[in-house]
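Structure first, commentary second.
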Amino acid sequence: MGDAATDYTIDELVVTALAKEFPDDTVAFNGAVSFVPVCALLLARATHAPNLIWVASSIAVDPQPKEIGESTLSDALWDGATMLQSSAADFWAYAQSGRMNSFCFRGAQIDAFGNVNNTVIGTYEQPKIRLPGGGGMADLGCQVGRIYLWSTTHDRRTFVDKLDFRSGLGWGDGGDHRQRLGLPGGPRVCVTNLCVMDFHQVSKRMRLRSVHPGVSVEDVIAQTGFELVIEGEVPQTVPPTREEVELIRRLDPTDARKREFA
Amino acid sequence: MGDAATDYTIDELVVTALAKEFPDDTVAFNGAVSFVPVCALLLARATHAPNLIWVASSIAVDPQPKEIGESTLSDALWDGATMLQSSAADFWAYAQSGRMNSFCFRGAQIDAFGNVNNTVIGTYEQPKIRLPGGGGMADLGCQVGRIYLWSTTHDRRTFVDKLDFRSGLGWGDGGDHRQRLGLPGGPRVCVTNLCVMDFHQVSKRMRLRSVHPGVSVEDVIAQTGFELVIEGEVPQTVPPTREEVELIRRLDPTDARKREFA
Amino acid sequence: MSAEDKLWALGDAAELVRDGDLVAIGGLSLNCAPMAFCRQLARAGRRDLDLLAVVSGMAVDWLIAAGCVRRLIMGLTSFEGFGLAPSFRRAAETGSIQVQEWSEHTLICALQAATAGVPFMPTRAGLGTDMPALHPDRTWEAIDERSGERYLACAAIKPDVAVIHVHEADRRGNARMNPKLVWFDTELVKAAGRVIVTAERIVETSTFRQAPERTSIPGFAVDHVIEAPRGAWPTACWPEYPYDGDFYRSYQRAARDPKAFAELFAEHVAPLSTSASMGA
Amino acid sequence: MSAEDKLWALGDAAELVRDGDLVAIGGLSLNCAPMAFCRQLARAGRRDLDLLAVVSGMAVDWLIAAGCVRRLIMGLTSFEGFGLAPSFRRAAETGSIQVQEWSEHTLICALQAATAGVPFMPTRAGLGTDMPALHPDRTWEAIDERSGERYLACAAIKPDVAVIHVHEADRRGNARMNPKLVWFDTELVKAAGRVIVTAERIVETSTFRQAPERTSIPGFAVDHVIEAPRGAWPTACWPEYPYDGDFYRSYQRAARDPKAFAELFAEHVAPLSTSASMGA
């Protein structure tokens, strides 16, 4: 993959780490405020996954945008698409049937099993903070087989032992919970500003897979509100290569990805 | 409505009688081999029901066809439409919600309650005649509030006491059966080559409303396989006026309507 | 009502909605909400509305700020990158409106059940989440006896009124998106008891007859048509105009200060009566 | 399979279907059925197929005549004004195929259930008719406890393969109808395990990128693309060519006489093996 870059920034590291997770048969779509996944999908398509299909804003199939813009639901992303898939009925059909197989989630809170909360902080009836709402989380968490989690705020407010509200399903209560509900797949990884985590095969608890350069395993533990599975030596996340950094900056020339790292 | 025509044919009488039944707020659509209803809808729109909307072939909204052609499901009918409504999902939605409120049925067999059979003559497993199948009858009979029946073969093979198969629902077993099933409306009339029938308000049995010129009440009784409700003196069906006959011949210049009177 | 003329004046738009109605609002996030119509509801001081808005932001925030809303049935309410919807947030946190959170697909299922005239629609969406328990009378888990498969049943929701914004419509209600994010809009239209279309332009019916394959909504599915040029502002009406990012930013700035918000709101939406104001 | 090249030769089309598959056939009555594909199945002598055809005629009749069909799941099978489909009729009357009659909408419900991954879809369609009792394991009446409302549950049907015909497609599976009677076709596409699109023309992907709002089916929903000019003949491919009424008439005439039918069938479809022939 070429030489490691020396001047990359954290957003570029996160984008690269997430991009590597998308296999070539990915058909992914994205929701609002999803600059990191959009960048990562563009990077994956430009590198190891040329057949990856990205449905921008869950609307524009396989577009070639010149830049990313202020909203990941807006038309800035749709240039050169092969299809504008604008009906909800068709969209949901393909998400439910598995033809669109991949979606990236973030949440104001994420728990050890990759469940997410974007509804309230505090109680539902008297919230301390009323968040935007689950939107499609409750739907896609159940219907899409390949879920990718990301977070740009890896701390104990985000990674909590118990969600204030379960807006979207990850591995549920862990173990075979999803399977018992009759649901496909589940979360595969969670890429954050500190590390990359996957899920223990049996318990489905989050497991530390690699820590980013300059971050220690202890740092991650200190910033995580639940007990992580840690097995043996935890390697370092492979930093982006020069080529990857150049590609990211070309694919996202206005630095939209940095909006998530404010 | 002008003078009675003197040279009209039976198809023109049937078309005129059916046309009169469509109120101005009709939104009707049609299926296969429906020359008589298509003609009647065109006539109604050109006379007393200018706001009537006809969805040709259940596809082309409010078209202005020059002629009717060989198939009432084909594009010959679609000229000048305001919309081509080509998705089944949208079509069914509007039929189910009542926005499209009217449909005309025919059947190889019709019973006293306006139920229809287009599936088999004989038993289902070993049919004497395998008919085309119910198609949308089982659906639209339940979902559409205003059902109009027509037949160009008023005889005891068609108007039977017991259907060999109930493909489409009219008033079901009669009385409040439809209501008990939670279904809207029901059949309003049945226009045939001999007479016009409607339905008794309580029992929902077919009732002779008028006999066509030259047809006696006894003729109708002799050709009907079930007991008709007959109340008092049965008037004659009002024959078409000269204007109506001229209009029919203009709207259907190739005499497509006569195909049903072979 | 005549099939021939469904045209209605924007200034009289609020007459089409009664206090207490369940009103479904079209659009998707920063895109193509019927904002001019919402402004009329705010100005007329409609009260106790139940809003259904699958993925919305500014439209809902305006109506909450103006005190029109009793209950919000929603999937997502936000200004995306421009932050949380401030009036929505405050009203939810103080309990001055009732927020009934569903999810995008379960709301669509509930609308489709209303359209089809069936008691509920089944889906896998929402299983295992906390959402169904928020309205257990409307969403409940069930198991199909025959297959043993689990599903979530979503009870029918039939809006009294749906309002959407399109590019072009005629007096008969035919409507065309050129193209746009139809997304949930047609689902609202199919389910609602009455349908109101606001349009950038009123065009002749002949425009539809010339390209019938491009018509998005048939006239018979629409009850009222309202001309509303730039009627989606400050949301986008792609491809004709983009969302107004500057407005979103100044709205957020103003929301920090009751006086500034009241001024901005009076200028762009409606005067805030002190009692009604949720935004200030 | 590569997302880049899904092109398949018409001559090898039958390889895409296995004996015993449940094959959903697109088109509507006299319109736009994948006839060239059906001809290949007939020639290859596929056996024991379960066909799902919502409203069809000639396609089903060919496959029955050629002895390919074990069971037909259908709403309507006819030649409209050209009469009853002769091979279908004879096979149904002699019991040589199993006819499972549903209705148009209940079949759509069954397909939608498969698409959504739910055990059944509820509908009012079919209530009070004799249809549900034909397959009580697949369609059953039920009452929603909460509302007391009655519905017909339609169990999911997932076709192994769906085949539809369109105007234009590219090697990646993007497909466009210009326009056509989509009608049930997209419902088949969404539900099926594998999707085959036959197209009048193969075009470059750039054709789709130039007018993305006109694309009917996204490439990711299609597994194989087959070039088949006049591939809907003798059904219509509106607006490019009409149905061939003369062929329907001569087919009906020939069907009265085994020898004449075998000749016509060999000329236009496939040679009839004596044992397999249902048409003769």
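Each chain in the structure tokens gets a letter, A, B, ..., in the order shown, and its residues are numbered from 1; ligands are numbered from 1 in order too.
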Quick check: residues of chain B within 9 Å of chain D, only C-alpha atoms, returned as a short mmCIF file (atom, residue, chain, number, x, y, z; two decimals) with N, CA, C and O atoms, in the first residue's frame.
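Done, and the output landed in selection.cif:
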data_model
loop_
_atom_site.label_atom_id
_atom_site.label_comp_id
_atom_site.auth_asym_id
_atom_site.auth_seq_id
_atom_site.Cartn_x
_atom_site.Cartn_y
_atom_site.Cartn_z
N ALA B 32 -59.06 -5.79 -18.25
CA ALA B 32 -59.02 -6.38 -19.59
C ALA B 32 -60.42 -6.59 -20.15
O ALA B 32 -61.39 -6.74 -19.40
N VAL B 33 -60.52 -6.61 -21.46
CA VAL B 33 -61.76 -6.92 -22.18
C VAL B 33 -62.95 -6.19 -21.56
O VAL B 33 -63.95 -6.79 -21.18
N ILE B 59 -53.91 2.63 -15.72
CA ILE B 59 -52.57 3.19 -15.92
C ILE B 59 -52.61 4.65 -16.33
O ILE B 59 -51.96 5.50 -15.72
N GLU B 70 -57.98 -2.99 -29.85
CA GLU B 70 -58.28 -4.42 -29.63
C GLU B 70 -58.20 -4.84 -28.17
O GLU B 70 -58.68 -5.89 -27.79
N SER B 71 -57.47 -4.05 -27.34
CA SER B 71 -57.26 -4.43 -25.95
C SER B 71 -57.53 -3.22 -25.07
O SER B 71 -57.05 -2.13 -25.34
N THR B 72 -58.31 -3.42 -24.01
CA THR B 72 -58.55 -2.30 -23.10
C THR B 72 -57.43 -2.17 -22.06
O THR B 72 -57.51 -1.35 -21.17
N LEU B 73 -56.39 -3.00 -22.19
CA LEU B 73 -55.20 -2.79 -21.36
C LEU B 73 -54.07 -2.17 -22.17
O LEU B 73 -52.96 -2.04 -21.67
N SER B 74 -54.32 -1.79 -23.42
CA SER B 74 -53.18 -1.39 -24.25
C SER B 74 -53.11 0.12 -24.44
O SER B 74 -54.03 0.87 -24.11
N ASP B 75 -51.99 0.52 -25.00
CA ASP B 75 -51.65 1.93 -25.14
C ASP B 75 -52.56 2.70 -26.10
O ASP B 75 -52.51 3.93 -26.12
N LEU B 84 -49.13 8.72 -16.50
CA LEU B 84 -49.04 7.28 -16.67
C LEU B 84 -48.64 6.72 -15.31
O LEU B 84 -47.52 6.93 -14.85
N GLN B 85 -49.59 6.07 -14.70
CA GLN B 85 -49.41 5.59 -13.34
C GLN B 85 -49.01 4.13 -13.43
O GLN B 85 -49.84 3.24 -13.44
N SER B 86 -47.70 3.90 -13.54
CA SER B 86 -47.33 2.56 -13.97
C SER B 86 -46.89 1.64 -12.84
O SER B 86 -46.63 0.48 -13.10
N SER B 87 -46.82 2.12 -11.61
CA SER B 87 -46.39 1.19 -10.55
C SER B 87 -47.57 0.57 -9.83
O SER B 87 -48.54 1.24 -9.47
N ALA B 88 -47.50 -0.72 -9.63
CA ALA B 88 -48.58 -1.43 -8.96
C ALA B 88 -48.78 -0.90 -7.54
O ALA B 88 -49.91 -0.79 -7.07
N ALA B 89 -47.70 -0.56 -6.87
CA ALA B 89 -47.81 -0.12 -5.47
C ALA B 89 -48.65 1.15 -5.39
O ALA B 89 -49.55 1.26 -4.54
N PHE B 91 -50.77 2.30 -7.68
CA PHE B 91 -52.11 1.97 -8.15
C PHE B 91 -52.95 1.37 -7.04
O PHE B 91 -54.06 1.82 -6.76
N TRP B 92 -52.42 0.37 -6.38
CA TRP B 92 -53.20 -0.30 -5.33
C TRP B 92 -53.46 0.62 -4.17
O TRP B 92 -54.50 0.56 -3.52
N GLN B 96 -57.09 1.20 -2.77
CA GLN B 96 -57.41 0.80 -1.40
C GLN B 96 -57.89 1.96 -0.57
O GLN B 96 -58.74 1.81 0.31
N ASN B 115 -71.87 -11.48 -6.70
CA ASN B 115 -70.56 -12.12 -6.66
C ASN B 115 -70.25 -12.68 -8.04
O ASN B 115 -71.18 -13.01 -8.79
N THR B 119 -63.06 -18.09 -12.65
CA THR B 119 -61.98 -19.04 -12.35
C THR B 119 -62.19 -20.38 -13.06
O THR B 119 -61.36 -20.78 -13.87
N TYR B 124 -62.85 -26.85 -8.94
CA TYR B 124 -61.55 -26.22 -9.12
C TYR B 124 -60.50 -27.26 -9.52
O TYR B 124 -59.66 -27.01 -10.38
N GLU B 125 -60.56 -28.44 -8.90
CA GLU B 125 -59.53 -29.44 -9.13
C GLU B 125 -59.66 -30.08 -10.52
O GLU B 125 -58.66 -30.38 -11.16
N GLN B 126 -60.91 -30.29 -10.96
CA GLN B 126 -61.09 -30.90 -12.27
C GLN B 126 -62.10 -30.08 -13.07
O GLN B 126 -63.23 -30.50 -13.27
N PRO B 127 -61.66 -28.93 -13.52
CA PRO B 127 -62.61 -28.02 -14.15
C PRO B 127 -63.09 -28.53 -15.51
O PRO B 127 -62.34 -29.15 -16.25
N LYS B 128 -64.35 -28.26 -15.77
CA LYS B 128 -64.85 -28.51 -17.12
C LYS B 128 -64.26 -27.45 -18.05
O LYS B 128 -63.81 -27.75 -19.15
N ILE B 129 -64.31 -26.22 -17.60
CA ILE B 129 -63.63 -25.14 -18.34
C ILE B 129 -62.74 -24.39 -17.37
O ILE B 129 -63.21 -23.90 -16.33
N ARG B 130 -61.47 -24.31 -17.69
CA ARG B 130 -60.57 -23.47 -16.90
C ARG B 130 -60.63 -22.07 -17.50
O ARG B 130 -60.24 -21.83 -18.63
N LEU B 131 -61.15 -21.14 -16.72
CA LEU B 131 -61.26 -19.74 -17.15
C LEU B 131 -59.96 -19.01 -16.82
O LEU B 131 -59.07 -19.57 -16.17
N PRO B 132 -59.84 -17.74 -17.25
CA PRO B 132 -58.56 -17.02 -17.06
C PRO B 132 -58.13 -16.84 -15.62
O PRO B 132 -56.95 -16.66 -15.34
N GLY B 133 -59.09 -16.83 -14.69
CA GLY B 133 -58.73 -16.56 -13.30
C GLY B 133 -59.33 -15.25 -12.83
O GLY B 133 -59.73 -14.41 -13.62
N GLY B 134 -59.36 -15.11 -11.53
CA GLY B 134 -60.00 -13.92 -10.96
C GLY B 134 -59.23 -12.64 -11.22
O GLY B 134 -59.82 -11.56 -11.24
N GLY B 135 -57.93 -12.74 -11.41
CA GLY B 135 -57.13 -11.52 -11.63
C GLY B 135 -57.26 -10.59 -10.45
O GLY B 135 -56.93 -10.94 -9.32
N GLY B 136 -57.79 -9.40 -10.72
CA GLY B 136 -57.97 -8.43 -9.63
C GLY B 136 -59.34 -8.48 -8.98
O GLY B 136 -59.64 -7.67 -8.11
N MET B 137 -60.17 -9.43 -9.39
CA MET B 137 -61.54 -9.47 -8.86
C MET B 137 -61.58 -9.63 -7.34
O MET B 137 -62.33 -8.94 -6.65
N ALA B 138 -60.77 -10.56 -6.84
CA ALA B 138 -60.78 -10.83 -5.40
C ALA B 138 -60.31 -9.60 -4.62
O ALA B 138 -60.66 -9.41 -3.47
N ASP B 139 -59.49 -8.79 -5.28
CA ASP B 139 -58.94 -7.60 -4.63
C ASP B 139 -59.92 -6.44 -4.69
O ASP B 139 -60.32 -5.87 -3.68
N LEU B 140 -60.31 -6.12 -5.92
CA LEU B 140 -61.08 -4.90 -6.12
C LEU B 140 -62.50 -5.06 -5.60
O LEU B 140 -63.10 -4.10 -5.11
N GLY B 141 -63.03 -6.26 -5.68
CA GLY B 141 -64.34 -6.51 -5.10
C GLY B 141 -64.37 -6.14 -3.63
O GLY B 141 -65.39 -5.66 -3.12
N CYS B 142 -63.25 -6.34 -2.95
CA CYS B 142 -63.18 -6.03 -1.51
C CYS B 142 -62.80 -4.57 -1.26
O CYS B 142 -63.17 -4.01 -0.22
N GLN B 143 -62.04 -3.98 -2.15
CA GLN B 143 -61.42 -2.70 -1.83
C GLN B 143 -62.13 -1.49 -2.42
O GLN B 143 -61.98 -0.37 -1.92
N PHE B 165 -67.34 -21.01 -8.38
CA PHE B 165 -66.20 -20.50 -7.61
C PHE B 165 -66.45 -19.01 -7.40
O PHE B 165 -66.82 -18.31 -8.32
N ARG B 166 -66.25 -18.54 -6.18
CA ARG B 166 -66.43 -17.11 -5.96
C ARG B 166 -65.08 -16.40 -6.10
O ARG B 166 -64.30 -16.31 -5.16
N SER B 167 -64.84 -15.89 -7.31
CA SER B 167 -63.56 -15.20 -7.57
C SER B 167 -63.57 -13.79 -7.01
O SER B 167 -62.54 -13.28 -6.56
N GLY B 168 -64.74 -13.14 -7.10
CA GLY B 168 -64.81 -11.75 -6.67
C GLY B 168 -66.03 -11.53 -5.81
O GLY B 168 -67.10 -12.10 -6.06
N LEU B 169 -65.87 -10.70 -4.81
CA LEU B 169 -66.95 -10.46 -3.85
C LEU B 169 -67.86 -9.34 -4.33
O LEU B 169 -67.40 -8.27 -4.70
N GLY B 172 -71.52 -10.62 -1.20
CA GLY B 172 -71.22 -11.82 -0.41
C GLY B 172 -72.44 -12.70 -0.24
O GLY B 172 -73.10 -13.07 -1.21
N ASP B 173 -72.76 -13.04 0.99
CA ASP B 173 -73.95 -13.85 1.27
C ASP B 173 -75.18 -12.97 1.42
O ASP B 173 -76.25 -13.45 1.83
N HIS B 177 -73.31 -8.73 5.04
CA HIS B 177 -72.08 -9.53 4.99
C HIS B 177 -70.84 -8.69 4.72
O HIS B 177 -69.83 -8.81 5.39
N ARG B 178 -70.91 -7.81 3.72
CA ARG B 178 -69.76 -6.95 3.41
C ARG B 178 -69.37 -6.10 4.61
O ARG B 178 -68.19 -5.96 4.93
N ARG B 180 -69.89 -6.68 7.71
CA ARG B 180 -69.28 -7.51 8.75
C ARG B 180 -67.83 -7.82 8.43
O ARG B 180 -67.01 -7.99 9.32
N LEU B 181 -67.53 -7.89 7.14
CA LEU B 181 -66.13 -8.12 6.76
C LEU B 181 -65.31 -6.83 6.82
O LEU B 181 -64.10 -6.84 6.61
N GLY B 182 -65.97 -5.70 7.09
CA GLY B 182 -65.25 -4.43 7.18
C GLY B 182 -64.94 -3.82 5.83
O GLY B 182 -64.00 -3.04 5.70
N LEU B 183 -65.75 -4.14 4.84
CA LEU B 183 -65.46 -3.69 3.47
C LEU B 183 -66.38 -2.55 3.05
O LEU B 183 -67.54 -2.50 3.46
N ARG B 259 -67.35 -5.92 -29.92
CA ARG B 259 -66.62 -7.16 -29.68
C ARG B 259 -67.24 -7.99 -28.57
O ARG B 259 -67.06 -9.20 -28.52
#
### Task
Write out as a ChimeraX atom specification all residues of range 34-259 of chain B that DSSP puts in alpha helix (DSSP H) for this structure's backbone.
/B:35-46,88-97,137-143,177-180,217-223,242-251
### Task
Give me, please, the distance in Å between CA of Asp7 in chain B and CA of Glu243 in chain B, quoted to one decimal.
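Between these atoms lies a distance of 11.9 Å.
Using only C-alpha atoms, the contacts of Phe199 in chain A at a cut-off of 8 Å, with sequence neighbours closer than 4 positions omitted, comprise Phe113, Pro187, Arg188, Val189, Ser203, Lys204, Arg205, Met206 and Arg207 of chain A.
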### Residue neighbourhood Thr241 in chain A, 8 Å, only C-alpha atoms, exclusion window fewer than 2 positions, as a PyMOL selection string
chain A and resi 1-5+239+243-245
### Query
If you count only C-alpha atoms, which residues fall within 9 Å of range 257-271 of chain D, apart from same-chain ones fewer than 6 positions away, as a list in words?
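Listed by chain and then number, they are Ala36, Cys38, Arg39, Gln40, Ala42, Arg43, Ala44, Trp62, Ala65, Ala66, Ser250, Tyr251, Ser277, Gly279 and Ala280 of chain D.
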For the selection just defined, write its residues with N, CA and C atoms to a file, as a PDB file, in the first residue's frame.
ATOM      1  N   ALA D  36     -38.310 -13.822 -25.116  1.00  0.00           N
ATOM      2  CA  ALA D  36     -37.090 -14.439 -25.656  1.00  0.00           C
ATOM      3  C   ALA D  36     -36.463 -15.349 -24.602  1.00  0.00           C
ATOM      4  N   CYS D  38     -38.119 -16.876 -22.155  1.00  0.00           N
ATOM      5  CA  CYS D  38     -38.986 -18.057 -22.030  1.00  0.00           C
ATOM      6  C   CYS D  38     -38.718 -19.050 -23.157  1.00  0.00           C
ATOM      7  N   ARG D  39     -38.451 -18.524 -24.346  1.00  0.00           N
ATOM      8  CA  ARG D  39     -38.152 -19.415 -25.478  1.00  0.00           C
ATOM      9  C   ARG D  39     -36.921 -20.264 -25.166  1.00  0.00           C
ATOM     10  N   GLN D  40     -35.903 -19.646 -24.549  1.00  0.00           N
ATOM     11  CA  GLN D  40     -34.690 -20.385 -24.201  1.00  0.00           C
ATOM     12  C   GLN D  40     -34.975 -21.483 -23.181  1.00  0.00           C
ATOM     13  N   ALA D  42     -37.777 -23.049 -22.856  1.00  0.00           N
ATOM     14  CA  ALA D  42     -38.502 -24.090 -23.588  1.00  0.00           C
ATOM     15  C   ALA D  42     -37.525 -24.940 -24.399  1.00  0.00           C
ATOM     16  N   ARG D  43     -36.597 -24.277 -25.077  1.00  0.00           N
ATOM     17  CA  ARG D  43     -35.638 -25.020 -25.911  1.00  0.00           C
ATOM     18  C   ARG D  43     -34.738 -25.921 -25.075  1.00  0.00           C
ATOM     19  N   ALA D  44     -34.355 -25.417 -23.894  1.00  0.00           N
ATOM     20  CA  ALA D  44     -33.445 -26.195 -23.048  1.00  0.00           C
ATOM     21  C   ALA D  44     -34.172 -27.336 -22.334  1.00  0.00           C
ATOM     22  N   TRP D  62     -46.468 -20.775 -23.505  1.00  0.00           N
ATOM     23  CA  TRP D  62     -45.288 -21.394 -24.127  1.00  0.00           C
ATOM     24  C   TRP D  62     -44.644 -22.410 -23.179  1.00  0.00           C
ATOM     25  N   ALA D  65     -46.816 -25.424 -22.719  1.00  0.00           N
ATOM     26  CA  ALA D  65     -46.819 -26.242 -23.948  1.00  0.00           C
ATOM     27  C   ALA D  65     -45.530 -27.043 -24.060  1.00  0.00           C
ATOM     28  N   ALA D  66     -44.427 -26.435 -23.659  1.00  0.00           N
ATOM     29  CA  ALA D  66     -43.129 -27.102 -23.785  1.00  0.00           C
ATOM     30  C   ALA D  66     -42.870 -28.095 -22.647  1.00  0.00           C
ATOM     31  N   SER D 250     -52.972 -16.615 -35.069  1.00  0.00           N
ATOM     32  CA  SER D 250     -52.527 -17.860 -35.721  1.00  0.00           C
ATOM     33  C   SER D 250     -52.195 -18.926 -34.671  1.00  0.00           C
ATOM     34  N   TYR D 251     -51.726 -18.490 -33.510  1.00  0.00           N
ATOM     35  CA  TYR D 251     -51.448 -19.421 -32.404  1.00  0.00           C
ATOM     36  C   TYR D 251     -52.747 -20.091 -31.960  1.00  0.00           C
ATOM     37  N   SER D 277     -45.257 -32.521 -24.624  1.00  0.00           N
ATOM     38  CA  SER D 277     -46.165 -31.528 -25.181  1.00  0.00           C
ATOM     39  C   SER D 277     -47.507 -31.470 -24.455  1.00  0.00           C
ATOM     40  N   GLY D 279     -49.273 -28.748 -25.379  1.00  0.00           N
ATOM     41  CA  GLY D 279     -49.999 -27.909 -26.339  1.00  0.00           C
ATOM     42  C   GLY D 279     -50.651 -28.749 -27.401  1.00  0.00           C
ATOM     43  N   ALA D 280     -50.159 -29.962 -27.572  1.00  0.00           N
ATOM     44  CA  ALA D 280     -50.668 -30.779 -28.682  1.00  0.00           C
ATOM     45  C   ALA D 280     -51.553 -31.897 -28.149  1.00  0.00           C
TER      46      ALA D 280
END
### Task
Would you list the contacts of Gln64 in chain A as an MDAnalysis selection string, taking every protein, DNA or RNA residue within 7 Å and counting only C-alpha atoms, but skipping same-chain residues closer than 3 positions in sequence?
chainID A and resid 79:81
### Message
Residues of chain D within 10 Å of chain C, counting only C-alpha atoms - could you list those as a count of residues only?
### Response
30
### Message
Among range 3-210 of chain D, which ones does DSSP assign to strand (DSSP E or B) (computed from the backbone)? Answer as a PyMOL selection string.
### Response
chain D and resi 7-8+22-25+28+31+49-56+69-77+98-101+120-123+139-143+150-155+161-169+175-176+183+194-202
### Message
Show me, as a PyMOL selection string, the residues that have an atom within 9 Å of Ala59 in chain D when counting only C-alpha atoms, minus same-chain residues fewer than 5 positions from it.
### Response
chain D and resi 25+33-35+38-39+53+64+235
#### Entry: Counting only C-alpha atoms, the residue of B:Ala93, B:Leu77, B:Tyr8, B:Arg257 that sits nearest chain A
B:Ala93
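Reported to one decimal place, the separation of CA of Phe29 in chain A from CA of Gln236 in chain A is 29.0 Å.
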